[in-house]
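Written out below as structure tokens is the structure these notes cover.
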Amino acid sequence: MRYQDLSYFNDPEFKELLDKYEAAIQDGGEPYFDPGEFTDIAEYYMMNEREEEANQCIDLALTIHPNANDPQIFLARQQLFHGNLTVARQLARTIPDQEDREVKFFWAEWLIRKEQPEEAHQMLEEYGETVTEERDFFLYDTANIFTDYDQWEIATRWAKRLKEEFPNFKNTDLLISDIMVSTGRVAEAMPLLQGILDTDPFNRDAWNLLAEAESGQEHYAESLEAIDYLLAIDEHNPQAWLIRANCLFHLNRLNEAHEQYLFYLEEEPKDFVTRYFDGVTLTNLERFDDALMQLELALSHANKEAAEYLHILLQLSYVLSKLRRKDEAIKRLDQAHAISDNATDDEYQLLLGQIYLDNQDVHTANQCFLEALRTTQKEHDTMLFIGISYAEASYFSTAVNIFTELLTTDMPERDARILPYLAYCLFFMPDKTEYERVYALARQANPTLTEYLFSPVMKE
């Protein structure tokens, strides 16, 4: 695989190549390209989860160029991608030119996958002593291999060497910025990104990374602004659509976020994580039927080993509870509890109590809540959860009593979540003077949560 930026696949040069290939295939012909071009097309298909078409392309490449390196490297890397390290090694060993740069990169990846990143670094270090032709690209591609596998410290070594040996190489500052953002050094990355954009205001990768950096600092309005600049340059950019949707969600512009998620999912229908986020968005909009449909789709596409699988089950349980489908909600909760490594009995009892409360079985809900309080080591958080559960189920006077008691509890720092929820409950009760007093305090203590809670009721 060539370690080019993925933006290459958006370039007119590649799109023309892909169009020619697909037109020839559709006409039943046998297109002729060089091995690298065939491999680029196959990589594009793999990236877009079109593996059958990728295999067809590589088979054709090997028919026309039986001894070419690039298609054989692709096959070895394909097995690496699927976790078949032994098969990948066997395929790579059959490649005649073991000194080919891409073969060396394959072996580096293979070692990293074997959890031997320092050995991979040492191998490329030794190979790099002989590299003179396009050495700048060798250093850049090597750094990117280690960033692909989150080997940030080793990637930094190669990026620094690139900067020292080739101070004018175009993408070095972007590479270093990417490493900084990925390792939480966002403040250090910002001047570099601004410098790139001052020089090249149409740099799509820099705008994208700037948006990610701003979002990582919870500067969602600034991130949205950066993404809108990027989309003005490159309107067909699914990754930008996704960042935009997430920013809109965090800015409590939920209807816009939902529409943006749908826009993205038209392009990436199997992205179960994004379907989950859209399900959460619809839940927050209290569109529970739509949320259920989206979450069930997310579950059908989800990898059971993924961390998000547990969250999807929990969100399904919550939505089913709000739809008064108690037995199904408990079933999903039990499934989530069974696969969770960190779930505690008190957390389970809280969620179970919430389901019973939603379904108007207050007696059983109270038994669950009392059991949670008996076993919890976080009494404050447990009481807050119980209060919120009563508020969401419209048992406002009970919730007010819990929140009022929490406010009188001695804490190192007053919990900024209490006042917004207390104000929300008071909104539905007769004492409007007390509501107005607490609402003013809530807006000072936690304006974001207050806006989120009140935006639906203020529109009614």
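We name chains A, B, ... following the order of the structure tokens; residues begin at 1 in each chain, and ligands are numbered from 1 as shown.
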Sorted by chain and rising residue number, which residues of segment 141-232 of chain A lie within 9 Å of segment 104-127 of chain A, and what are their closest atom pairs and distances in Å to one decimal, counting only C-alpha atoms, as JSON lines?
{"residue": "A:Asp141", "atom": "CA", "partner": "A:Phe105", "partner_atom": "CA", "distance": 8.7}
{"residue": "A:Thr142", "atom": "CA", "partner": "A:Phe105", "partner_atom": "CA", "distance": 7.5}
{"residue": "A:Ile145", "atom": "CA", "partner": "A:Glu109", "partner_atom": "CA", "distance": 7.2}
{"residue": "A:Phe146", "atom": "CA", "partner": "A:Pro117", "partner_atom": "CA", "distance": 8.2}
{"residue": "A:Tyr149", "atom": "CA", "partner": "A:Ile112", "partner_atom": "CA", "distance": 7.6}
{"residue": "A:Gln151", "atom": "CA", "partner": "A:Pro117", "partner_atom": "CA", "distance": 7.6}
{"residue": "A:Ile154", "atom": "CA", "partner": "A:His121", "partner_atom": "CA", "distance": 7.3}
Exercise for review: Excluding Phe138 of chain A and residues on its chain fewer than 5 positions from it, collect all residues at most 10 Å away from it, counting only C-alpha atoms, and give them as a list in words.
Suggested key: Tyr3, Arg101, Glu102, Phe105, Leu124, Gly128, Val131, Thr132, Glu133, Ala143, Asn144, Trp158 and Leu162 of chain A
Just the selected residues (C-alpha atoms), exported as a short mmCIF file (atom, residue, chain, number, x, y, z; two decimals), in the first residue's frame, please.
data_model
loop_
_atom_site.label_atom_id
_atom_site.label_comp_id
_atom_site.auth_asym_id
_atom_site.auth_seq_id
_atom_site.Cartn_x
_atom_site.Cartn_y
_atom_site.Cartn_z
CA TYR A 3 1.31 5.63 2.30
CA ARG A 101 10.20 0.03 0.00
CA GLU A 102 6.56 -1.02 0.23
CA PHE A 105 6.66 -0.96 5.12
CA LEU A 124 13.19 0.87 9.12
CA GLY A 128 16.66 4.07 5.93
CA VAL A 131 17.58 5.33 1.18
CA THR A 132 18.62 8.33 -0.89
CA GLU A 133 15.92 8.52 -3.56
CA ALA A 143 6.11 8.48 10.50
CA ASN A 144 2.60 7.89 9.16
CA TRP A 158 10.53 10.23 12.52
CA LEU A 162 11.92 14.80 8.59
#
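Going from atom CA of Glu305 of chain A over to atom CA of Ala92 of chain A, you cover 28.6 Å.
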Exercise for review: Name all residues at most 7 Å from Ala442 of chain A (count only C-alpha atoms; drop same-chain ones fewer than 3 positions away) and give them as an NGL selection string.
Suggested key: :A and (419-420 or 423 or 438-439 or 445-447 or 450)
Closest contacts (segment 280-338 of chain A/segment 343-347 of chain A, max 9 Å, only C-alpha atoms) as JSON lines:
{"residue": "A:Ala336", "atom": "CA", "partner": "A:Ala343", "partner_atom": "CA", "distance": 8.9}
{"residue": "A:His337", "atom": "CA", "partner": "A:Ala343", "partner_atom": "CA", "distance": 6.4}
{"residue": "A:Ala338", "atom": "CA", "partner": "A:Ala343", "partner_atom": "CA", "distance": 8.8}
Selection export as a compact mmCIF listing (two decimals), in the first residue's frame, atoms kept: C-alpha atoms:
# COMPACT_ATOMS: atom_id res chain seq x y z
CA ALA A 336 -25.83 -5.10 28.65
CA HIS A 337 -25.17 -6.10 32.25
CA ALA A 338 -24.02 -9.57 31.14
Point to revise | Distance of atom CA of Pro201 of chain A from atom CA of Ile233 of chain A, expressed in Å to one decimal place | key: 9.6 Å
**Study point:** Polymer residues at most 7 Å from Arg77 of chain A, only C-alpha atoms, same-chain spacing of 3 or more positions, as a list in words
**Key:** Ile73, Phe74, Leu80, Phe81, Ala88 and Phe106 of chain A
Could you write out that same residue set with N, CA and C atoms as a tab-separated table (two decimals), in the first residue's frame?
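Saved the output as part.tsv:
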chain	number	residue	atom	x	y	z
A	73	ILE	N	1.70	-7.14	-2.51
A	73	ILE	CA	1.73	-6.46	-1.22
A	73	ILE	C	0.31	-6.19	-0.73
A	74	PHE	N	-0.56	-5.81	-1.66
A	74	PHE	CA	-1.95	-5.58	-1.30
A	74	PHE	C	-2.57	-6.83	-0.67
A	80	LEU	N	-3.39	-8.95	6.68
A	80	LEU	CA	-3.00	-8.24	7.91
A	80	LEU	C	-4.20	-7.48	8.47
A	81	PHE	N	-4.93	-6.84	7.58
A	81	PHE	CA	-6.12	-6.08	7.97
A	81	PHE	C	-7.15	-6.98	8.65
A	88	ALA	N	-0.62	-13.58	6.20
A	88	ALA	CA	0.01	-12.36	5.67
A	88	ALA	C	1.52	-12.55	5.52
A	106	PHE	N	5.44	-3.04	4.74
A	106	PHE	CA	4.57	-4.15	5.17
A	106	PHE	C	5.15	-4.84	6.40
Review point. Skipping near chain neighbours, those fewer than 5 positions away, what residues fall within 9 Å of segment 278-294 of chain A using only C-alpha atoms, listed as number ranges by chain?
Key: A: 249, 254-255, 257-258, 261-262, 273, 299, 312, 315-316, 318-320, 322-323, 456
N, CA and C atoms of the current selection, written as a PDB file, in the first residue's frame:
ATOM      1  N   PHE A 249     -24.734  18.607  17.628  1.00  0.00           N
ATOM      2  CA  PHE A 249     -25.286  17.892  18.783  1.00  0.00           C
ATOM      3  C   PHE A 249     -24.851  18.563  20.079  1.00  0.00           C
ATOM      4  N   LEU A 254     -30.265  20.072  17.973  1.00  0.00           N
ATOM      5  CA  LEU A 254     -30.476  18.634  17.795  1.00  0.00           C
ATOM      6  C   LEU A 254     -31.156  18.291  16.484  1.00  0.00           C
ATOM      7  N   ASN A 255     -32.130  19.089  16.056  1.00  0.00           N
ATOM      8  CA  ASN A 255     -32.782  18.790  14.780  1.00  0.00           C
ATOM      9  C   ASN A 255     -31.793  18.898  13.618  1.00  0.00           C
ATOM     10  N   ALA A 257     -28.542  18.509  13.917  1.00  0.00           N
ATOM     11  CA  ALA A 257     -27.601  17.389  14.075  1.00  0.00           C
ATOM     12  C   ALA A 257     -28.184  16.121  13.467  1.00  0.00           C
ATOM     13  N   HIS A 258     -29.449  15.858  13.744  1.00  0.00           N
ATOM     14  CA  HIS A 258     -30.100  14.658  13.195  1.00  0.00           C
ATOM     15  C   HIS A 258     -30.073  14.675  11.672  1.00  0.00           C
ATOM     16  N   TYR A 261     -26.573  13.904  10.545  1.00  0.00           N
ATOM     17  CA  TYR A 261     -26.260  12.484  10.702  1.00  0.00           C
ATOM     18  C   TYR A 261     -26.872  11.670   9.564  1.00  0.00           C
ATOM     19  N   LEU A 262     -28.120  11.980   9.195  1.00  0.00           N
ATOM     20  CA  LEU A 262     -28.772  11.257   8.103  1.00  0.00           C
ATOM     21  C   LEU A 262     -28.025  11.473   6.797  1.00  0.00           C
ATOM     22  N   VAL A 273     -21.612   3.273  14.810  1.00  0.00           N
ATOM     23  CA  VAL A 273     -21.352   4.261  15.873  1.00  0.00           C
ATOM     24  C   VAL A 273     -22.142   5.540  15.603  1.00  0.00           C
ATOM     25  N   LEU A 299     -27.452  -1.708  16.173  1.00  0.00           N
ATOM     26  CA  LEU A 299     -27.128  -3.001  16.781  1.00  0.00           C
ATOM     27  C   LEU A 299     -26.922  -4.078  15.719  1.00  0.00           C
ATOM     28  N   ILE A 312     -25.023   0.832  22.980  1.00  0.00           N
ATOM     29  CA  ILE A 312     -26.228   0.702  22.158  1.00  0.00           C
ATOM     30  C   ILE A 312     -27.299  -0.069  22.928  1.00  0.00           C
ATOM     31  N   GLN A 315     -28.763   2.180  25.598  1.00  0.00           N
ATOM     32  CA  GLN A 315     -29.641   3.204  25.029  1.00  0.00           C
ATOM     33  C   GLN A 315     -30.952   2.585  24.552  1.00  0.00           C
ATOM     34  N   LEU A 316     -30.876   1.378  23.986  1.00  0.00           N
ATOM     35  CA  LEU A 316     -32.093   0.669  23.594  1.00  0.00           C
ATOM     36  C   LEU A 316     -32.987   0.412  24.801  1.00  0.00           C
ATOM     37  N   TYR A 318     -33.161   2.141  27.526  1.00  0.00           N
ATOM     38  CA  TYR A 318     -33.734   3.422  27.944  1.00  0.00           C
ATOM     39  C   TYR A 318     -34.912   3.805  27.052  1.00  0.00           C
ATOM     40  N   VAL A 319     -34.731   3.687  25.738  1.00  0.00           N
ATOM     41  CA  VAL A 319     -35.779   4.082  24.791  1.00  0.00           C
ATOM     42  C   VAL A 319     -36.996   3.172  24.916  1.00  0.00           C
ATOM     43  N   LEU A 320     -36.757   1.873  25.016  1.00  0.00           N
ATOM     44  CA  LEU A 320     -37.869   0.931  25.183  1.00  0.00           C
ATOM     45  C   LEU A 320     -38.647   1.226  26.471  1.00  0.00           C
ATOM     46  N   LYS A 322     -38.989   4.218  27.818  1.00  0.00           N
ATOM     47  CA  LYS A 322     -39.796   5.420  27.573  1.00  0.00           C
ATOM     48  C   LYS A 322     -41.018   5.103  26.719  1.00  0.00           C
ATOM     49  N   LEU A 323     -40.925   4.040  25.910  1.00  0.00           N
ATOM     50  CA  LEU A 323     -42.059   3.619  25.085  1.00  0.00           C
ATOM     51  C   LEU A 323     -43.003   2.680  25.838  1.00  0.00           C
ATOM     52  N   PRO A 456     -36.976  22.353  25.085  1.00  0.00           N
ATOM     53  CA  PRO A 456     -38.248  21.786  24.612  1.00  0.00           C
ATOM     54  C   PRO A 456     -39.473  22.467  25.231  1.00  0.00           C
TER      55      PRO A 456
END
Practice item. Fewer than 4 positions away in the same chain doesn't count, so skip those; otherwise give me all residues within 8 Å of Cys57 of chain A, counting only C-alpha atoms, as JSON, numbers by chain. Key: {"A": [38, 39, 41, 42, 53, 61]}
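Omitting Trp152 of chain A and its sequence neighbours fewer than 5 positions away, and counting only C-alpha atoms, the residues within 8 Å are Phe146, Thr147, Ile179 and Thr183 of chain A.
When atom CA of Leu313 of chain A is paired with atom CA of Ile330 of chain A, their separation reads 10.5 Å.
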Check your understanding: Looking at only C-alpha atoms, which of A:Glu371, A:Glu451, A:Glu99, A:Glu212 is the one that sits closest to Leu251 of chain A?
Key -> A:Glu451
Practice item. Going by DSSP on the backbone, which bits of segment 5-172 of chain A are alpha helix (DSSP H)? Write them as a VMD selection string, please. Key: chain A and resid 12 to 26 35 to 47 51 to 64 69 to 81 85 to 93 101 to 113 117 to 128 135 to 148 152 to 165 172
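The nearest approach to Leu370 of chain A among the residues A:Leu210, A:Glu256, A:Met383, A:Phe33, with only C-alpha atoms taken into account, belongs to A:Met383.
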